[in-house]
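Since the structure comes first, as structure tokens, the remarks are kept for the end.
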Amino acid sequence: MVTVKRAKVVIGDVSYDLRVSSRARNVTLKVNRNNGLVVVVPKDFDHKLLPDILSSRQSWIDRQLERFEALPGRFEQDWPPVTLALPGADRDFTVSYEHVPGDRLRLNQDGDYLTIALPENYTDENLAALFVKWLKKLAQQHCEKTAAELAVVTGLTYEKVAVRGQKTRWGSYSSRGTLSLNYKLLFLPESLLRHVILHELSHSVHMNHSQEFWDLLESVDPEYQRHDRQLADAGRYLPGWLD
């Protein structure tokens with residue numbers, strides 16, 4: 001469980017939201033239109049160090065504030081993310097950012113903590129692409145594991161799992177036995193991720209949507225109709241920066 005305490009703080013001319021997190025390991029700064037500057041610190045952090053930290057990051061803070069003013073829309077809300085909640089995989093990640101020399105964006109994972117190395121010339125688009133690349137890798141691992149478990153339980157079969165970034169589909173099943181799944185399923189409730197996999201696995205028996213198909217799906221997913229209704233509105237679970 002993550003514990004976060006929030007307070008509005010003013011140091012000199014700098015006003016920011018201070019958040020004390022029991023999961024944070026490092027001081028993290030982010031800027032968004034709703035809250036302005038947000039500072040996340042570990043639980044036992046010495047707050048006397050904050051003025052010097054903010055002073056050293058002032059040019060970055062100014063650039064980010066200007067960027068949000070000039071580029072509303074896709075990256076306006078909660079960007080860059082300091083947490084990634086992925087219900088489909090039943091995991092929450094804490095994200096911190098470090099400014100580094102050079103021109104290469106890098107992501108390092110340590111358990112449920114992500115550290116992003118930000119070069120001076122990074123763009124929001126490149127940072128979003130880095131997250132997507134990591135999400136696809138995580139989705140591949142999780143979906144392979146989940147599909148294997150469901151195949152054992154149901155007796156349904158497939159040849160391989162392929163994770164992609166489909167624009168209009170959550171999943172599909174090919175005549176060659178390829179189970180294709182959308183990495184964005186990680187942002188959906190786990191019940192919906194499993195529903196999509198069961199739906200597609202049912203096509204291993206019926207490559208259509210005949211009554212026989214729906215009967216089979218109901219036998220392995222008794223609440224499939226409710227899940228289908230929920231899936232129709234599943235876009236609300238997705239952060240705007242994915243598109």
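By convention here, the chains of the structure tokens are called A, B, ... in the order presented, each chain's residues are numbered starting at 1, and ligands are numbered starting at 1 in the order presented.
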
Q: Name the residues of range 95-131 of chain A that come out as strand (DSSP E) in a backbone DSSP run; write them as a VMD selection string.
A: chain A and resid 95 to 99 106 to 110 113 to 118

Q.
Residues near Glu159 in chain A, anyone? I mean within 8 Å using only C-alpha atoms, not counting same-chain ones fewer than 6 positions away, as JSON, numbers by chain.
A. {"A": [176, 177, 178, 179]}

For C-alpha atoms, I'd like the residues from the last selection saved as a PDB file, in the first residue's frame.
```
ATOM      1  CA  ARG A 176      -2.341 -20.278 -37.241  1.00  0.00           C
ATOM      2  CA  GLY A 177      -3.031 -20.120 -33.521  1.00  0.00           C
ATOM      3  CA  THR A 178      -1.469 -16.727 -32.787  1.00  0.00           C
ATOM      4  CA  LEU A 179      -3.115 -14.980 -29.855  1.00  0.00           C
TER       5      LEU A 179
END
```

Q. Given the choices A:Thr83, A:Ser175, A:Thr123, A:Ser96, which gets closest to Pro239 in chain A if the distance is worked out from only C-alpha atoms?
A.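 Looking only at the distances to Pro239 in chain A, the closest residue turns out to be A:Thr83.
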
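Close contacts of Gly171 in chain A, defined as residues with an atom at most 10 Å away when counting only C-alpha atoms, with chain neighbours fewer than 3 positions off set aside, comprise Ala162, Val163, Arg164, Gly165, Gln166, Thr168, Leu179, Ser180, Leu181, Asn182, Tyr183, Leu185, Leu193, Val196, Ile197, His199 and Glu200 of chain A.
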
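In terms of minimum interatomic distance to Asn208 in chain A, A:Ser172 ranks closest within A:Glu144, A:Trp241, A:Ser172, A:Pro87, counting only C-alpha atoms.
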
Q: Just list the residues in range 201-243 of chain A DSSP gives alpha helix (DSSP H) on the backbone, as JSON, numbers by chain.
A: {"A": [201, 202, 211, 212, 213, 214, 215, 216, 217, 218, 219, 220, 224, 225, 226, 227, 228, 229, 230, 231, 232]}

**Q.** Which of A:Leu188, A:Leu114, A:Leu50, A:Val220 sits closest to Ala151 in chain A [using only C-alpha atoms]
**A.**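 Using only C-alpha atoms, Ala151 in chain A sits closest to A:Val220.
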
Q) Skipping near chain neighbours, those fewer than 6 positions away, what residues fall within 10 Å of Glu218 in chain A using only C-alpha atoms, listed as a list in words? A)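 The residues satisfying every condition are Leu198, His199, Ser202, Glu212, Tyr224 and Gln225 of chain A.
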
(Q) Could you check the closest approach to Lys43 in chain A for each of A:Thr28, A:Trp214, A:Ser21, A:Ser56 and tell me which residue wins, using only C-alpha atoms? (A)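 Among the listed residues, the smallest separation from Lys43 in chain A belongs to A:Ser21.
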
Q: State, in Å with one decimal place, the distance from CA of Asp62 in chain A to CA of Leu29 in chain A.
A: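 One can read the CA of Asp62 in chain A to CA of Leu29 in chain A distance as 12.1 Å.
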
Q | Nearest to Pro81 in chain A, chosen from A:Leu127, A:Leu186, A:Val152, A:Ile61, with only C-alpha atoms counted in the distances | A |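 Looking only at the distances to Pro81 in chain A, the closest residue turns out to be A:Leu127.
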
Nearby residues (only C-alpha atoms) at most 9 Å from Leu156 in chain A, same-chain spacing under 6 positions excluded, as a PDB file with N, CA and C atoms, in the first residue's frame:
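Below you can see result.pdb, which holds the result:
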```
ATOM      1  N   LEU A 150      -4.734 -19.949 -18.305  1.00  0.00           N
ATOM      2  CA  LEU A 150      -6.115 -20.120 -18.745  1.00  0.00           C
ATOM      3  C   LEU A 150      -6.253 -21.290 -19.715  1.00  0.00           C
ATOM      4  N   LEU A 198      -9.789 -15.046 -22.847  1.00  0.00           N
ATOM      5  CA  LEU A 198     -10.727 -16.166 -22.961  1.00  0.00           C
ATOM      6  C   LEU A 198     -11.557 -16.060 -24.242  1.00  0.00           C
ATOM      7  N   LEU A 201      -9.209 -17.080 -27.051  1.00  0.00           N
ATOM      8  CA  LEU A 201      -8.909 -18.513 -26.984  1.00  0.00           C
ATOM      9  C   LEU A 201     -10.090 -19.361 -27.449  1.00  0.00           C
ATOM     10  N   SER A 202     -11.297 -18.859 -27.238  1.00  0.00           N
ATOM     11  CA  SER A 202     -12.481 -19.602 -27.692  1.00  0.00           C
ATOM     12  C   SER A 202     -12.521 -19.716 -29.209  1.00  0.00           C
ATOM     13  N   HIS A 203     -11.826 -18.812 -29.886  1.00  0.00           N
ATOM     14  CA  HIS A 203     -11.748 -18.901 -31.349  1.00  0.00           C
ATOM     15  C   HIS A 203     -10.854 -20.054 -31.805  1.00  0.00           C
ATOM     16  N   SER A 204     -10.132 -20.670 -30.875  1.00  0.00           N
ATOM     17  CA  SER A 204      -9.348 -21.845 -31.257  1.00  0.00           C
ATOM     18  C   SER A 204     -10.265 -23.009 -31.607  1.00  0.00           C
ATOM     19  N   VAL A 205     -11.523 -22.933 -31.156  1.00  0.00           N
ATOM     20  CA  VAL A 205     -12.514 -23.969 -31.463  1.00  0.00           C
ATOM     21  C   VAL A 205     -13.485 -23.486 -32.523  1.00  0.00           C
TER      22      VAL A 205
END
```

Q) Distance CA of Asp17 in chain A-CA of Val38 in chain A, one decimal place? A)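 According to the coordinates, CA of Asp17 in chain A and CA of Val38 in chain A are separated by 4.7 Å.
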
Q. Which residue gives the smallest distance to Asp78 in chain A among A:Pro101, A:Pro51, A:Lys30, A:His195, with only C-alpha atoms counted?
A.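 Distance minimum relative to Asp78 in chain A lands on A:Lys30.
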
Q: Tell me, in Å to one decimal, how far CA of Gln109 in chain A is from CA of Thr94 in chain A.
A: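 It comes out at 10.0 Å.
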